[in-house]
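Read through the structure below, which is laid out as structure tokens, and then see the notes.
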Amino acid sequence: MVAGNFDINDLKRRMEGAINALKHELGGLRTGRASASMVEPVQVEAYGSHMPLNQVATVSVPEPRLLSVQVWDKSMVKAVETAIVNSNLGLNPATEGQVIRLRIPELNEERRKELVKVAHKYTEAARVAVRHVRRDGLDVLKKLEKDHQISEDDEKRLSNEVQKATDAAIADVDKALATKEKEILTV
């Protein structure tokens, strides 16, 4: 529904963007389980520049607590190993030829609680982002009504749609947090 220069779908897209950003951030939080996304932030010094790990190797999860990094170019193995050690992920590479194995250590209770706090921080930032989108949308509606481009009834109806979209987005954010929290706390 587009009224004046108000587009509810644009607001929904922006809210969805905040949710996707949150899911990406939560995906990078380490749990006791191996996940290829854990090593996404690793940058390798390769061919005279910094490259993401996934551009010089294939990352797979052969076991729940093991990552396998298959380096494509034999001359890059040492650089990949160094990048993993320097990434502060707390992973110790074990290299056999062009395959680097990364055992995922058990998380202790204290570390789990820290990770949950970080997840909550990411989630709160996503909620704030969603609310900013809502505020922007409501501001546009008020201005359109004030400038007599939409009726008071349209403003109320569209404001309700904005609120519904906001509620749905916040529910998605909370669901993502609950899933991640359960994942972190599962021993």
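In the structure tokens, chains take letters A, B, ... by order of appearance, with residues numbered from 1 within each chain and ligands from 1 in the order shown.
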**Request:** Check chain A with DSSP on the backbone and list each residue it calls helix (DSSP H, G or I), as an MDAnalysis selection string.
**Result:** chainID A and resid 8:27 36:39 53:55 74:86 109:146 152:185
**Request:** With a distance cut-off of 12 Å and only C-alpha atoms, select the neighbouring residues of Ala171 in chain A, excluding the residue or stretch itself and same-chain residues fewer than 4 positions from it, and output the selection as a PyMOL selection string.
**Result:** chain A and resi 15-16+19+123+126-127+130+164-167+175-178
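Our summary of the geometry notes that CA of Ala46 in chain A is positioned 16.5 Å from CA of Ile100 in chain A.
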**Request:** Considering only C-alpha atoms, return as number ranges by chain whatever protein or nucleic-acid residues lie within 8 Å of range 66-77 of chain A, sequence-local ones (same chain, fewer than 2 positions apart) excluded.
**Result:** A: 34-36, 46, 56-64, 79-81, 97-104
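Of the residues in range 53-152 of chain A, those that DSSP places in strand (DSSP E or B) on the basis of the backbone are Ala57, Thr58, Val59, Ser60, Val61, Pro62, Glu63, Leu66, Leu67, Ser68, Val69, Gln70, Val71, Pro93, Ala94, Thr95, Glu96, Val99, Ile100, Arg101, Leu102 and Arg103 of chain A.
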Would you write out those residues with N, CA and C atoms, as a PDB file, in the first residue's frame?
```pdb
ATOM      1  N   ALA A  57      39.689 -21.648   0.630  1.00  0.00           N
ATOM      2  CA  ALA A  57      39.499 -22.992   1.162  1.00  0.00           C
ATOM      3  C   ALA A  57      38.019 -23.344   1.255  1.00  0.00           C
ATOM      4  N   THR A  58      37.757 -24.640   1.380  1.00  0.00           N
ATOM      5  CA  THR A  58      36.395 -25.118   1.592  1.00  0.00           C
ATOM      6  C   THR A  58      36.267 -25.517   3.058  1.00  0.00           C
ATOM      7  N   VAL A  59      35.235 -24.992   3.724  1.00  0.00           N
ATOM      8  CA  VAL A  59      35.022 -25.313   5.134  1.00  0.00           C
ATOM      9  C   VAL A  59      33.853 -26.288   5.243  1.00  0.00           C
ATOM     10  N   SER A  60      34.076 -27.399   5.952  1.00  0.00           N
ATOM     11  CA  SER A  60      32.984 -28.361   6.147  1.00  0.00           C
ATOM     12  C   SER A  60      32.925 -28.776   7.616  1.00  0.00           C
ATOM     13  N   VAL A  61      31.814 -29.423   7.976  1.00  0.00           N
ATOM     14  CA  VAL A  61      31.597 -29.858   9.360  1.00  0.00           C
ATOM     15  C   VAL A  61      31.408 -31.381   9.338  1.00  0.00           C
ATOM     16  N   PRO A  62      32.518 -32.147   9.410  1.00  0.00           N
ATOM     17  CA  PRO A  62      32.404 -33.606   9.360  1.00  0.00           C
ATOM     18  C   PRO A  62      31.814 -34.212  10.636  1.00  0.00           C
ATOM     19  N   GLU A  63      31.988 -33.544  11.772  1.00  0.00           N
ATOM     20  CA  GLU A  63      31.446 -34.004  13.058  1.00  0.00           C
ATOM     21  C   GLU A  63      30.888 -32.795  13.790  1.00  0.00           C
ATOM     22  N   LEU A  66      33.791 -30.596  15.105  1.00  0.00           N
ATOM     23  CA  LEU A  66      34.995 -30.514  14.288  1.00  0.00           C
ATOM     24  C   LEU A  66      34.716 -29.737  13.002  1.00  0.00           C
ATOM     25  N   LEU A  67      35.620 -28.825  12.690  1.00  0.00           N
ATOM     26  CA  LEU A  67      35.566 -28.134  11.401  1.00  0.00           C
ATOM     27  C   LEU A  67      36.730 -28.648  10.580  1.00  0.00           C
ATOM     28  N   SER A  68      36.499 -28.822   9.294  1.00  0.00           N
ATOM     29  CA  SER A  68      37.558 -29.241   8.394  1.00  0.00           C
ATOM     30  C   SER A  68      37.734 -28.141   7.347  1.00  0.00           C
ATOM     31  N   VAL A  69      38.974 -27.644   7.209  1.00  0.00           N
ATOM     32  CA  VAL A  69      39.270 -26.584   6.246  1.00  0.00           C
ATOM     33  C   VAL A  69      40.182 -27.174   5.169  1.00  0.00           C
ATOM     34  N   GLN A  70      39.630 -27.339   3.971  1.00  0.00           N
ATOM     35  CA  GLN A  70      40.398 -27.899   2.847  1.00  0.00           C
ATOM     36  C   GLN A  70      40.972 -26.730   2.050  1.00  0.00           C
ATOM     37  N   VAL A  71      42.278 -26.497   2.189  1.00  0.00           N
ATOM     38  CA  VAL A  71      42.936 -25.379   1.490  1.00  0.00           C
ATOM     39  C   VAL A  71      43.192 -25.807   0.044  1.00  0.00           C
ATOM     40  N   PRO A  93      44.567 -25.025  15.192  1.00  0.00           N
ATOM     41  CA  PRO A  93      44.582 -25.823  13.963  1.00  0.00           C
ATOM     42  C   PRO A  93      45.517 -27.038  14.052  1.00  0.00           C
ATOM     43  N   ALA A  94      45.055 -28.173  13.547  1.00  0.00           N
ATOM     44  CA  ALA A  94      45.877 -29.376  13.409  1.00  0.00           C
ATOM     45  C   ALA A  94      45.938 -29.652  11.908  1.00  0.00           C
ATOM     46  N   THR A  95      47.132 -29.524  11.316  1.00  0.00           N
ATOM     47  CA  THR A  95      47.262 -29.611   9.867  1.00  0.00           C
ATOM     48  C   THR A  95      47.780 -30.959   9.402  1.00  0.00           C
ATOM     49  N   GLU A  96      47.114 -31.511   8.381  1.00  0.00           N
ATOM     50  CA  GLU A  96      47.580 -32.726   7.707  1.00  0.00           C
ATOM     51  C   GLU A  96      47.521 -32.438   6.217  1.00  0.00           C
ATOM     52  N   VAL A  99      44.691 -30.184   4.554  1.00  0.00           N
ATOM     53  CA  VAL A  99      43.493 -30.169   5.384  1.00  0.00           C
ATOM     54  C   VAL A  99      43.853 -29.692   6.786  1.00  0.00           C
ATOM     55  N   ILE A 100      43.128 -28.687   7.249  1.00  0.00           N
ATOM     56  CA  ILE A 100      43.330 -28.172   8.601  1.00  0.00           C
ATOM     57  C   ILE A 100      42.093 -28.547   9.413  1.00  0.00           C
ATOM     58  N   ARG A 101      42.326 -29.285  10.496  1.00  0.00           N
ATOM     59  CA  ARG A 101      41.204 -29.681  11.364  1.00  0.00           C
ATOM     60  C   ARG A 101      41.146 -28.744  12.570  1.00  0.00           C
ATOM     61  N   LEU A 102      39.915 -28.327  12.903  1.00  0.00           N
ATOM     62  CA  LEU A 102      39.717 -27.441  14.047  1.00  0.00           C
ATOM     63  C   LEU A 102      38.736 -28.092  15.020  1.00  0.00           C
ATOM     64  N   ARG A 103      39.238 -28.558  16.168  1.00  0.00           N
ATOM     65  CA  ARG A 103      38.381 -29.123  17.213  1.00  0.00           C
ATOM     66  C   ARG A 103      37.712 -27.970  17.946  1.00  0.00           C
TER      67      ARG A 103
END
```
**Asked** Which of these residues is nearest to Asn160 in chain A, using only C-alpha atoms: A:Lys78, A:His120, A:Arg134, A:Lys182?
**Response** A:Arg134
